[in-house]
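Asker: Provided herewith: structure_38.json, JSON, C-alpha atoms.
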[["chain", "number", "residue", "atom", "x", "y", "z"],
["A", 1, "MET", "CA", 37.09, -6.83, 24.38],
["A", 2, "THR", "CA", 37.11, -4.28, 21.52],
["A", 3, "ASN", "CA", 34.12, -2.20, 20.43],
["A", 4, "THR", "CA", 33.97, -4.22, 17.21],
["A", 5, "GLU", "CA", 33.74, -7.46, 19.16],
["A", 6, "ASN", "CA", 31.11, -5.92, 21.46],
["A", 7, "GLN", "CA", 29.04, -4.91, 18.44],
["A", 8, "ALA", "CA", 29.36, -8.39, 16.91],
["A", 9, "ASP", "CA", 28.07, -10.04, 20.11],
["A", 10, "HIS", "CA", 25.23, -7.56, 20.62],
["A", 11, "LYS", "CA", 21.61, -8.74, 20.33],
["A", 12, "ALA", "CA", 18.53, -6.66, 19.57],
["A", 13, "GLY", "CA", 14.96, -7.31, 18.55],
["A", 14, "PHE", "CA", 11.29, -6.41, 18.62],
["A", 15, "VAL", "CA", 9.07, -8.28, 21.08],
["A", 16, "ASN", "CA", 5.39, -7.67, 20.39],
["A", 17, "ILE", "CA", 2.85, -8.37, 23.11],
["A", 18, "VAL", "CA", -0.60, -9.43, 21.84],
["A", 19, "GLY", "CA", -3.76, -10.96, 23.28],
["A", 20, "ASN", "CA", -7.34, -10.23, 24.21],
["A", 21, "PRO", "CA", -8.32, -7.22, 26.35],
["A", 22, "ASN", "CA", -7.92, -7.30, 30.12],
["A", 23, "VAL", "CA", -5.56, -10.29, 30.43],
["A", 24, "GLY", "CA", -2.71, -8.23, 31.89],
["A", 25, "LYS", "CA", -0.62, -7.30, 28.83],
["A", 26, "SER", "CA", 0.12, -3.80, 30.10],
["A", 27, "THR", "CA", 1.02, -4.98, 33.61],
["A", 28, "LEU", "CA", 3.36, -7.59, 32.14],
["A", 29, "MET", "CA", 5.04, -5.09, 29.83],
["A", 30, "ASN", "CA", 5.60, -2.72, 32.72],
["A", 31, "ASP", "CA", 7.20, -5.59, 34.68],
["A", 32, "LEU", "CA", 9.47, -6.47, 31.75],
["A", 33, "VAL", "CA", 10.45, -2.88, 30.95],
["A", 34, "GLY", "CA", 10.77, -1.76, 34.56],
["A", 35, "GLU", "CA", 8.97, 1.52, 33.87],
["A", 36, "ARG", "CA", 5.29, 2.39, 33.95],
["A", 37, "MET", "CA", 4.69, 2.62, 30.20],
["A", 38, "SER", "CA", 1.14, 1.41, 29.68],
["A", 39, "ILE", "CA", -2.20, 2.23, 31.22],
["A", 40, "ILE", "CA", -3.19, -0.33, 33.86],
["A", 41, "THR", "CA", -6.83, -0.40, 34.93],
["A", 42, "ASN", "CA", -9.34, -3.14, 35.57],
["A", 43, "LYS", "CA", -11.37, -2.03, 32.55],
["A", 44, "ALA", "CA", -11.02, -3.76, 29.21],
["A", 45, "GLN", "CA", -9.49, -2.09, 26.18],
["A", 46, "THR", "CA", -7.47, 0.65, 27.83],
["A", 47, "THR", "CA", -4.52, 0.53, 25.42],
["A", 48, "ARG", "CA", -5.41, 2.13, 22.08],
["A", 49, "HIS", "CA", -1.99, 2.57, 20.49],
["A", 50, "ARG", "CA", 1.08, 0.39, 20.19],
["A", 51, "ILE", "CA", 3.11, 1.58, 23.16],
["A", 52, "THR", "CA", 6.82, 0.92, 22.93],
["A", 53, "GLY", "CA", 9.11, 0.39, 25.90],
["A", 54, "ILE", "CA", 12.84, -0.25, 25.48],
["A", 55, "VAL", "CA", 15.15, -2.32, 27.69],
["A", 56, "ASN", "CA", 18.90, -1.74, 27.33],
["A", 57, "THR", "CA", 21.97, -3.52, 28.68],
["A", 58, "ASP", "CA", 25.51, -3.65, 27.31],
["A", 59, "GLU", "CA", 24.70, -7.00, 25.68],
["A", 60, "TYR", "CA", 21.22, -6.42, 24.25],
["A", 61, "GLN", "CA", 18.32, -4.10, 23.44],
["A", 62, "ILE", "CA", 14.70, -5.29, 23.58],
["A", 63, "VAL", "CA", 11.99, -3.15, 22.00],
["A", 64, "PHE", "CA", 8.70, -4.17, 23.61],
["A", 65, "SER", "CA", 5.42, -3.22, 21.97],
["A", 66, "ASP", "CA", 2.17, -3.43, 23.98],
["A", 67, "THR", "CA", -0.70, -3.61, 21.49],
["A", 68, "PRO", "CA", -4.41, -2.94, 21.96],
["A", 69, "GLY", "CA", -6.41, -5.97, 23.02],
["A", 70, "VAL", "CA", -7.83, -7.95, 20.12],
["A", 71, "LEU", "CA", -11.56, -7.48, 19.71],
["A", 72, "LYS", "CA", -14.28, -7.55, 17.08],
["A", 73, "PRO", "CA", -14.54, -3.92, 15.84],
["A", 74, "ARG", "CA", -17.81, -2.10, 16.48],
["A", 75, "TYR", "CA", -16.69, 1.30, 15.13],
["A", 76, "LYS", "CA", -13.81, 2.74, 13.10],
["A", 77, "LEU", "CA", -11.62, 3.46, 16.12],
["A", 78, "GLN", "CA", -11.66, -0.23, 17.02],
["A", 79, "GLU", "CA", -10.90, -1.19, 13.40],
["A", 80, "SER", "CA", -7.76, 0.95, 13.65],
["A", 81, "MET", "CA", -6.85, -0.65, 16.99],
["A", 82, "LEU", "CA", -7.21, -4.14, 15.50],
["A", 83, "GLN", "CA", -4.87, -3.10, 12.68],
["A", 84, "PHE", "CA", -2.25, -2.17, 15.32],
["A", 85, "SER", "CA", -2.55, -5.66, 16.82],
["A", 86, "GLU", "CA", -2.47, -7.48, 13.48],
["A", 87, "GLY", "CA", 0.52, -5.36, 12.43],
["A", 88, "ALA", "CA", 2.34, -6.71, 15.48],
["A", 89, "LEU", "CA", 2.31, -10.16, 13.85],
["A", 90, "THR", "CA", 4.31, -8.97, 10.85],
["A", 91, "ASP", "CA", 7.21, -7.06, 12.43],
["A", 92, "ALA", "CA", 8.16, -9.13, 15.49],
["A", 93, "ASP", "CA", 11.34, -11.03, 16.22],
["A", 94, "VAL", "CA", 9.55, -12.68, 19.15],
["A", 95, "LEU", "CA", 5.77, -12.78, 19.64],
["A", 96, "LEU", "CA", 4.50, -12.81, 23.22],
["A", 97, "TYR", "CA", 0.87, -13.93, 23.38],
["A", 98, "VAL", "CA", -0.75, -13.22, 26.75],
["A", 99, "THR", "CA", -3.81, -15.00, 28.08],
["A", 100, "ASP", "CA", -4.99, -15.76, 31.63],
["A", 101, "VAL", "CA", -6.51, -18.57, 33.66],
["A", 102, "VAL", "CA", -10.13, -17.40, 33.26],
["A", 103, "GLU", "CA", -10.21, -16.51, 29.57],
["A", 104, "ASP", "CA", -12.10, -18.66, 27.08],
["A", 105, "PRO", "CA", -9.44, -19.93, 24.60],
["A", 106, "GLU", "CA", -12.05, -19.80, 21.83],
["A", 107, "LYS", "CA", -12.34, -16.02, 22.13],
["A", 108, "ASN", "CA", -11.19, -14.39, 18.87],
["A", 109, "SER", "CA", -10.11, -17.72, 17.39],
["A", 110, "ASP", "CA", -9.46, -16.04, 14.00],
["A", 111, "PHE", "CA", -6.60, -14.01, 15.47],
["A", 112, "LEU", "CA", -5.31, -17.05, 17.35],
["A", 113, "ALA", "CA", -5.21, -19.02, 14.07],
["A", 114, "LYS", "CA", -2.93, -16.32, 12.64],
["A", 115, "VAL", "CA", -0.64, -16.57, 15.67],
["A", 116, "SER", "CA", -0.43, -20.37, 15.26],
["A", 117, "LYS", "CA", 0.99, -19.90, 11.74],
["A", 118, "GLU", "CA", 3.75, -17.53, 12.83],
["A", 119, "LYS", "CA", 7.29, -18.40, 11.77],
["A", 120, "VAL", "CA", 8.93, -16.33, 14.53],
["A", 121, "PRO", "CA", 9.26, -17.77, 18.07],
["A", 122, "VAL", "CA", 5.99, -17.55, 20.00],
["A", 123, "LEU", "CA", 5.97, -17.39, 23.80],
["A", 124, "LEU", "CA", 2.62, -17.95, 25.51],
["A", 125, "ALA", "CA", 2.24, -16.35, 28.94],
["A", 126, "ILE", "CA", -0.68, -17.70, 30.97],
["A", 127, "ASN", "CA", -1.23, -14.86, 33.42],
["A", 128, "LYS", "CA", -3.03, -14.58, 36.78],
["A", 129, "ILE", "CA", -2.11, -18.06, 38.02],
["A", 130, "ASP", "CA", -2.23, -16.57, 41.54],
["A", 131, "LEU", "CA", -6.04, -16.74, 41.18],
["A", 132, "LEU", "CA", -5.89, -20.56, 41.10],
["A", 133, "GLY", "CA", -4.59, -20.97, 44.64],
["A", 134, "ALA", "CA", -3.95, -24.66, 45.28],
["A", 135, "GLU", "CA", -5.73, -25.80, 42.10],
["A", 136, "GLY", "CA", -2.58, -27.17, 40.44],
["A", 137, "ASP", "CA", -4.51, -29.70, 38.37],
["A", 138, "LYS", "CA", -6.55, -26.88, 36.83],
["A", 139, "LEU", "CA", -3.35, -25.18, 35.64],
["A", 140, "GLU", "CA", -2.27, -28.44, 34.01],
["A", 141, "ARG", "CA", -5.57, -28.60, 32.12],
["A", 142, "ILE", "CA", -5.24, -24.97, 31.00],
["A", 143, "VAL", "CA", -1.67, -25.56, 29.80],
["A", 144, "GLY", "CA", -2.82, -28.67, 27.93],
["A", 145, "ASP", "CA", -5.64, -26.77, 26.21],
["A", 146, "TRP", "CA", -3.24, -24.08, 25.03],
["A", 147, "GLN", "CA", -0.65, -26.60, 23.85],
["A", 148, "LYS", "CA", -3.28, -27.96, 21.45],
["A", 149, "ARG", "CA", -4.12, -24.49, 20.13],
["A", 150, "LEU", "CA", -0.54, -23.19, 19.84],
["A", 151, "PRO", "CA", 1.61, -26.32, 19.52],
["A", 152, "ASN", "CA", 4.72, -24.35, 18.52],
["A", 153, "ALA", "CA", 4.55, -21.96, 21.46],
["A", 154, "GLU", "CA", 6.66, -22.16, 24.62],
["A", 155, "ILE", "CA", 4.33, -21.81, 27.60],
["A", 156, "PHE", "CA", 5.09, -19.76, 30.73],
["A", 157, "PRO", "CA", 2.55, -19.75, 33.58],
["A", 158, "ILE", "CA", 3.02, -16.36, 35.27],
["A", 159, "SER", "CA", 1.53, -13.80, 37.62],
["A", 160, "ALA", "CA", 2.33, -10.30, 36.39],
["A", 161, "THR", "CA", 0.96, -8.62, 39.52],
["A", 162, "GLU", "CA", 2.99, -10.93, 41.81],
["A", 163, "LYS", "CA", 5.95, -10.94, 39.37],
["A", 164, "PHE", "CA", 5.98, -14.74, 39.50],
["A", 165, "ASN", "CA", 8.04, -16.44, 36.74],
["A", 166, "VAL", "CA", 8.44, -13.12, 34.89],
["A", 167, "ASP", "CA", 12.24, -13.32, 35.28],
["A", 168, "ASN", "CA", 12.32, -16.71, 33.52],
["A", 169, "LEU", "CA", 10.16, -15.32, 30.73],
["A", 170, "MET", "CA", 12.56, -12.39, 30.36],
["A", 171, "LYS", "CA", 15.59, -14.73, 30.23],
["A", 172, "ARG", "CA", 13.98, -16.70, 27.42],
["A", 173, "ILE", "CA", 13.22, -13.53, 25.47],
["A", 174, "VAL", "CA", 16.88, -12.51, 25.70],
["A", 175, "GLU", "CA", 17.96, -15.96, 24.49],
["A", 176, "LEU", "CA", 15.71, -15.65, 21.43],
["A", 177, "LEU", "CA", 16.94, -12.20, 20.37],
["A", 178, "PRO", "CA", 18.80, -12.19, 17.03],
["A", 179, "PRO", "CA", 22.32, -10.75, 16.71],
["A", 180, "SER", "CA", 21.90, -7.07, 15.82],
["A", 181, "PRO", "CA", 23.18, -3.61, 16.69],
["A", 182, "PRO", "CA", 20.72, -1.52, 18.75],
["A", 183, "TYR", "CA", 17.80, 0.09, 16.94],
["A", 184, "PHE", "CA", 17.58, 3.06, 19.31],
["A", 185, "GLY", "CA", 20.01, 5.02, 21.46],
["A", 186, "LYS", "CA", 21.12, 3.14, 24.57],
["A", 187, "ASP", "CA", 19.60, 5.77, 26.83],
["A", 188, "ALA", "CA", 16.14, 5.45, 25.24],
["A", 189, "LEU", "CA", 13.22, 4.16, 27.30],
["A", 190, "THR", "CA", 10.60, 4.60, 24.61],
["A", 191, "ASP", "CA", 10.08, 5.87, 21.08],
["A", 192, "LYS", "CA", 7.01, 7.84, 22.18],
["A", 193, "PRO", "CA", 7.13, 11.61, 22.80],
["A", 194, "ALA", "CA", 6.58, 13.04, 26.27],
["A", 195, "ARG", "CA", 3.13, 14.36, 25.33],
["A", 196, "PHE", "CA", 1.98, 10.82, 24.57],
["A", 197, "PHE", "CA", 2.48, 9.70, 28.17],
["A", 198, "VAL", "CA", 0.65, 12.76, 29.47],
["A", 199, "THR", "CA", -2.40, 11.79, 27.41],
["A", 200, "GLU", "CA", -2.13, 8.17, 28.60],
["A", 201, "ILE", "CA", -2.03, 9.23, 32.26],
["A", 202, "ILE", "CA", -5.05, 11.52, 31.86],
["A", 203, "ARG", "CA", -6.99, 8.81, 30.00],
["A", 204, "GLU", "CA", -6.19, 6.36, 32.79],
["A", 205, "LYS", "CA", -7.71, 8.71, 35.38],
["A", 206, "ILE", "CA", -10.82, 9.12, 33.23],
["A", 207, "LEU", "CA", -11.14, 5.33, 33.05],
["A", 208, "LEU", "CA", -10.80, 5.06, 36.82],
["A", 209, "ASN", "CA", -13.32, 7.79, 37.66],
["A", 210, "TYR", "CA", -16.17, 7.27, 35.18],
["A", 211, "ASP", "CA", -18.41, 4.36, 34.23],
["A", 212, "LYS", "CA", -20.13, 2.94, 31.18],
["A", 213, "GLU", "CA", -19.51, 4.50, 27.76],
["A", 214, "VAL", "CA", -18.03, 7.84, 28.90],
["A", 215, "PRO", "CA", -14.35, 6.72, 29.23],
["A", 216, "TYR", "CA", -14.43, 4.99, 25.84],
["A", 217, "SER", "CA", -15.88, 8.08, 24.14],
["A", 218, "THR", "CA", -13.02, 10.33, 25.22],
["A", 219, "GLU", "CA", -9.77, 11.32, 23.56],
["A", 220, "VAL", "CA", -7.09, 13.51, 25.11],
["A", 221, "ILE", "CA", -4.94, 15.94, 23.13],
["A", 222, "VAL", "CA", -2.08, 17.92, 24.69],
["A", 223, "GLU", "CA", -2.18, 21.38, 23.12],
["A", 224, "LYS", "CA", 0.61, 22.93, 25.21],
["A", 225, "PHE", "CA", 3.70, 21.28, 26.73],
["A", 226, "ASP", "CA", 6.03, 24.00, 27.95],
["A", 227, "GLU", "CA", 8.96, 22.39, 29.75],
["A", 228, "LYS", "CA", 11.46, 24.34, 31.84],
["A", 229, "ASP", "CA", 14.32, 23.15, 34.05],
["A", 230, "ALA", "CA", 12.17, 22.66, 37.16],
["A", 231, "SER", "CA", 8.58, 22.62, 35.89],
["A", 232, "ILE", "CA", 6.22, 21.80, 33.03],
["A", 233, "HIS", "CA", 3.11, 23.76, 32.05],
["A", 234, "ILE", "CA", 0.59, 21.48, 30.30],
["A", 235, "MET", "CA", -2.71, 22.37, 28.68],
["A", 236, "ALA", "CA", -4.83, 19.40, 27.55],
["A", 237, "VAL", "CA", -8.25, 19.05, 25.93],
["A", 238, "ILE", "CA", -10.53, 16.09, 26.61],
["A", 239, "TYR", "CA", -12.79, 15.43, 23.63],
["A", 240, "VAL", "CA", -16.16, 13.70, 24.05],
["A", 241, "GLU", "CA", -18.94, 12.86, 21.59],
["A", 242, "ARG", "CA", -22.01, 14.39, 23.30],
["A", 243, "ASP", "CA", -22.95, 17.36, 25.51],
["A", 244, "SER", "CA", -24.27, 14.95, 28.15],
["A", 245, "GLN", "CA", -20.84, 13.31, 28.35],
["A", 246, "LYS", "CA", -19.23, 16.73, 28.76],
["A", 247, "GLY", "CA", -21.51, 17.43, 31.71],
["A", 248, "ILE", "CA", -20.66, 14.11, 33.35],
["A", 249, "LEU", "CA", -16.92, 14.65, 32.83],
["A", 250, "ILE", "CA", -16.97, 18.13, 34.37],
["A", 251, "GLY", "CA", -19.32, 17.20, 37.22],
["A", 252, "LYS", "CA", -21.21, 19.46, 39.60],
["A", 253, "GLY", "CA", -19.30, 22.67, 40.08],
["A", 254, "GLY", "CA", -16.38, 21.18, 38.12],
["A", 255, "ALA", "CA", -15.65, 18.71, 40.94],
["A", 256, "MET", "CA", -15.09, 15.63, 38.77],
["A", 257, "LEU", "CA", -12.77, 17.36, 36.30],
["A", 258, "LYS", "CA", -10.82, 18.81, 39.23],
["A", 259, "ARG", "CA", -10.39, 15.29, 40.67],
["A", 260, "VAL", "CA", -9.12, 13.95, 37.34],
["A", 261, "GLY", "CA", -6.77, 16.92, 37.06],
["A", 262, "THR", "CA", -5.33, 16.47, 40.55],
["A", 263, "GLN", "CA", -4.80, 12.72, 40.12],
["A", 264, "SER", "CA", -3.24, 13.22, 36.68],
["A", 265, "ARG", "CA", -0.94, 16.02, 37.83],
["A", 266, "LYS", "CA", 0.48, 13.88, 40.66],
["A", 267, "ASP", "CA", 1.26, 10.99, 38.30],
["A", 268, "ILE", "CA", 2.73, 13.29, 35.65],
["A", 269, "GLU", "CA", 4.98, 14.89, 38.28],
["A", 270, "THR", "CA", 6.17, 11.41, 39.32],
["A", 271, "PHE", "CA", 6.73, 10.40, 35.68],
["A", 272, "PHE", "CA", 8.83, 13.46, 34.78],
["A", 273, "GLY", "CA", 10.27, 14.26, 38.21],
["A", 274, "LYS", "CA", 9.23, 17.92, 37.92],
["A", 275, "LYS", "CA", 6.59, 20.31, 39.21],
["A", 276, "VAL", "CA", 3.60, 20.26, 36.85],
["A", 277, "TYR", "CA", 0.94, 22.89, 36.18],
["A", 278, "LEU", "CA", -1.96, 21.15, 34.44],
["A", 279, "GLU", "CA", -4.98, 22.79, 32.80],
["A", 280, "LEU", "CA", -7.82, 20.57, 31.52],
["A", 281, "PHE", "CA", -10.62, 21.57, 29.15],
["A", 282, "VAL", "CA", -13.54, 19.54, 27.75],
["A", 283, "LYS", "CA", -14.84, 19.91, 24.18],
["A", 284, "VAL", "CA", -17.56, 18.09, 22.23],
["A", 285, "GLU", "CA", -16.58, 16.47, 18.91],
["A", 286, "PRO", "CA", -19.66, 14.53, 17.69],
["A", 287, "ASN", "CA", -19.13, 10.89, 16.63],
["A", 288, "TRP", "CA", -15.32, 11.28, 16.45],
["A", 289, "ARG", "CA", -14.73, 7.51, 16.74],
["A", 290, "ASN", "CA", -16.32, 6.98, 13.32],
["A", 291, "ARG", "CA", -14.83, 9.98, 11.49],
["A", 292, "ASP", "CA", -11.69, 9.36, 9.44],
["A", 293, "ASN", "CA", -10.50, 12.97, 9.66],
["A", 294, "LYS", "CA", -10.66, 12.91, 13.46],
["A", 295, "LEU", "CA", -9.07, 9.48, 13.73],
["A", 296, "LYS", "CA", -6.19, 10.79, 11.58],
["A", 297, "ALA", "CA", -5.89, 13.91, 13.74],
["A", 298, "PHE", "CA", -5.80, 11.76, 16.89],
["A", 299, "GLY", "CA", -3.11, 9.46, 15.45],
["A", 300, "TYR", "CA", -5.15, 6.28, 14.85],
["A", 301, "ILE", "CA", -4.97, 6.36, 11.04],
["A", 302, "GLN", "CA", -1.76, 7.14, 9.16]]
Taking this structure as input, can you express it in the form of structure tokens?
Answerer:
Amino acid sequence: MTNTENQADHKAGFVNIVGNPNVGKSTLMNDLVGERMSIITNKAQTTRHRITGIVNTDEYQIVFSDTPGVLKPRYKLQESMLQFSEGALTDADVLLYVTDVVEDPEKNSDFLAKVSKEKVPVLLAINKIDLLGAEGDKLERIVGDWQKRLPNAEIFPISATEKFNVDNLMKRIVELLPPSPPYFGKDALTDKPARFFVTEIIREKILLNYDKEVPYSTEVIVEKFDEKDASIHIMAVIYVERDSQKGILIGKGGAMLKRVGTQSRKDIETFFGKKVYLELFVKVEPNWRNRDNKLKAFGYIQ
């Protein structure tokens, strides 16, 4: 087959993953992409940006976008995050709406109404079916409820953590891709810079190690990323909104910050396959989540 024929048969498209917080969107995207692209914790609202992961074969290229969970905004940061999710409705070739077996279908019905009017193919993944055990009749009821709400959607009961039925979902995505040359180089895994994944890893460790409002009041900025053949020297600043939060983050004798640093460094070394030297600092930036200039600086507002 000639290169021209190859190009004519090639498929490519944007698959945007949307849904409410904590239903397993990030876990599912990581299953589909085959790389650990998104933060996965058991806390809601861990994805703040649209994170793009790219799957390449000779026949196709899929550009997956994992959006922040849809929620009613309580401050400007969340308004920006909702705009990322609503933007995903306008630039998708395939829309993948993720819910789970415990979520109330009425949650954020306004956003769901927008999804129901979509002209592009909509795939509905009902995640966490492993939690149902032998309750097969309950799954039938859940599927029936969602068929009423999204009558044009194709429904896939799945378990992202157990990787159940994810292959069938992936096959259907490939079938729905439009004919197109690739949008990115065939060796690309993501359109995000290396620094972005460093900040995501550090934020994940903050989410895992601290409770209440502290993790949601933090932002991580990489100020130095000096990469050599065998090692990377990284200097990152964790911003918080209050002095009390700074104290909690650092911990007695710096113990908590050291724990976050050690956990982050190990994951960053795995991600890049290199020795990493990581320095972490904590600074106070009052009320940054409601300040346009800071939200612009942190990449939430264009």
Asker: What separation in Å, quoted to one decimal, exists between CA of Gly53 (chain A) and CA of Leu32 (chain A)?
Answerer: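 About the pair CA of Gly53 (chain A) and CA of Leu32 (chain A): they are 9.0 Å apart.
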Asker: Mind giving me the straight-line distance from CA of Leu95 (chain A) to CA of Ala153 (chain A) in Å, one decimal?
Answerer: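 These atoms are spaced 9.4 Å apart.
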Asker: Skipping near chain neighbours, those fewer than 4 positions away, what residues fall within 8 Å of Phe64 (chain A) using all atoms listed in the file, listed as a list in words?
Answerer: Phe14, Val15, Asn16, Ile17, Met29, Val33, Thr52, Gly53, Ile54 and Val55 of chain A
Asker: Tell me, as a PyMOL selection string, which residues lie within 9 Å of Asn287 (chain A), counting only C-alpha atoms; anything in the same chain fewer than 6 positions away does not count.
Answerer: chain A and resi 217+240-242
Asker: Go ahead and save the picked residues with C-alpha atoms, as a PDB file, in the frame of the given file.
Answerer:
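Contents of out_32.pdb, freshly written:
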ATOM      1  CA  SER A 217     -15.880   8.080  24.140  1.00  0.00           C
ATOM      2  CA  VAL A 240     -16.160  13.700  24.050  1.00  0.00           C
ATOM      3  CA  GLU A 241     -18.940  12.860  21.590  1.00  0.00           C
ATOM      4  CA  ARG A 242     -22.010  14.390  23.300  1.00  0.00           C
TER       5      ARG A 242
END
Asker: Using all atoms listed in the file - which residues lie no farther than 7 Å from the point (2.8, -15.5, 20.2) in the file's frame? Write them as a PyMOL selection string.
Answerer: chain A and resi 95-97+115+122-124+153
Asker: Quick one: distance from CA of Ile158 (chain A) to CA of Glu200 (chain A) in Å, one decimal?
Answerer: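 One can read the CA of Ile158 (chain A) to CA of Glu200 (chain A) distance as 25.9 Å.
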Asker: Please identify all polymer residues within 8 Å of region 261-271 of chain A, counting only C-alpha atoms, omitting same-chain residues fewer than 5 positions from it, and present them as a ChimeraX atom specification.
Answerer: /A:198,201-202,205,276-280
Asker: Write the residues you've just listed into a file as a compact mmCIF listing (two decimals), in the coordinates of the input, and include C-alpha atoms for each of them.
Answerer:
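File selection.txt, as written:
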# COMPACT_ATOMS: atom_id res chain seq x y z
CA VAL A 198 0.65 12.76 29.47
CA ILE A 201 -2.03 9.23 32.26
CA ILE A 202 -5.05 11.52 31.86
CA LYS A 205 -7.71 8.71 35.38
CA VAL A 276 3.60 20.26 36.85
CA TYR A 277 0.94 22.89 36.18
CA LEU A 278 -1.96 21.15 34.44
CA GLU A 279 -4.98 22.79 32.80
CA LEU A 280 -7.82 20.57 31.52
Asker: Report, as lines of an AutoDock Vina configuration file, the axis-aligned box around all atoms of region 223-240 of chain A present in the file, extended by 6 Å on each side; give centre and edge lengths in Å to one decimal place.
Answerer:
center_x = -0.9
center_y = 19.0
center_z = 30.1
size_x = 42.5
size_y = 22.6
size_z = 26.0
Asker: Counting all atoms listed in the file, find residues at most 12 Å from (-3.6, -24.7, 38.3) (file frame) and give them as a CSV table (one decimal) with C-alpha atoms, in the frame of the given file.
Answerer:
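In the end it all went to out.csv:
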chain,number,residue,atom,x,y,z
A,100,ASP,CA,-5.0,-15.8,31.6
A,101,VAL,CA,-6.5,-18.6,33.7
A,102,VAL,CA,-10.1,-17.4,33.3
A,126,ILE,CA,-0.7,-17.7,31.0
A,127,ASN,CA,-1.2,-14.9,33.4
A,128,LYS,CA,-3.0,-14.6,36.8
A,129,ILE,CA,-2.1,-18.1,38.0
A,130,ASP,CA,-2.2,-16.6,41.5
A,131,LEU,CA,-6.0,-16.7,41.2
A,132,LEU,CA,-5.9,-20.6,41.1
A,133,GLY,CA,-4.6,-21.0,44.6
A,134,ALA,CA,-4.0,-24.7,45.3
A,135,GLU,CA,-5.7,-25.8,42.1
A,136,GLY,CA,-2.6,-27.2,40.4
A,137,ASP,CA,-4.5,-29.7,38.4
A,138,LYS,CA,-6.6,-26.9,36.8
A,139,LEU,CA,-3.4,-25.2,35.6
A,140,GLU,CA,-2.3,-28.4,34.0
A,141,ARG,CA,-5.6,-28.6,32.1
A,142,ILE,CA,-5.2,-25.0,31.0
A,143,VAL,CA,-1.7,-25.6,29.8
A,144,GLY,CA,-2.8,-28.7,27.9
A,157,PRO,CA,2.6,-19.8,33.6
A,158,ILE,CA,3.0,-16.4,35.3
Asker: Using all atoms listed in the file, can you tell me which of A:Ile232, A:Val220, A:Ile250, A:Ile173 comes closest to Glu285 (chain A)?
Answerer: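 That would be A:Val220, the residue with the smallest distance to Glu285 (chain A).
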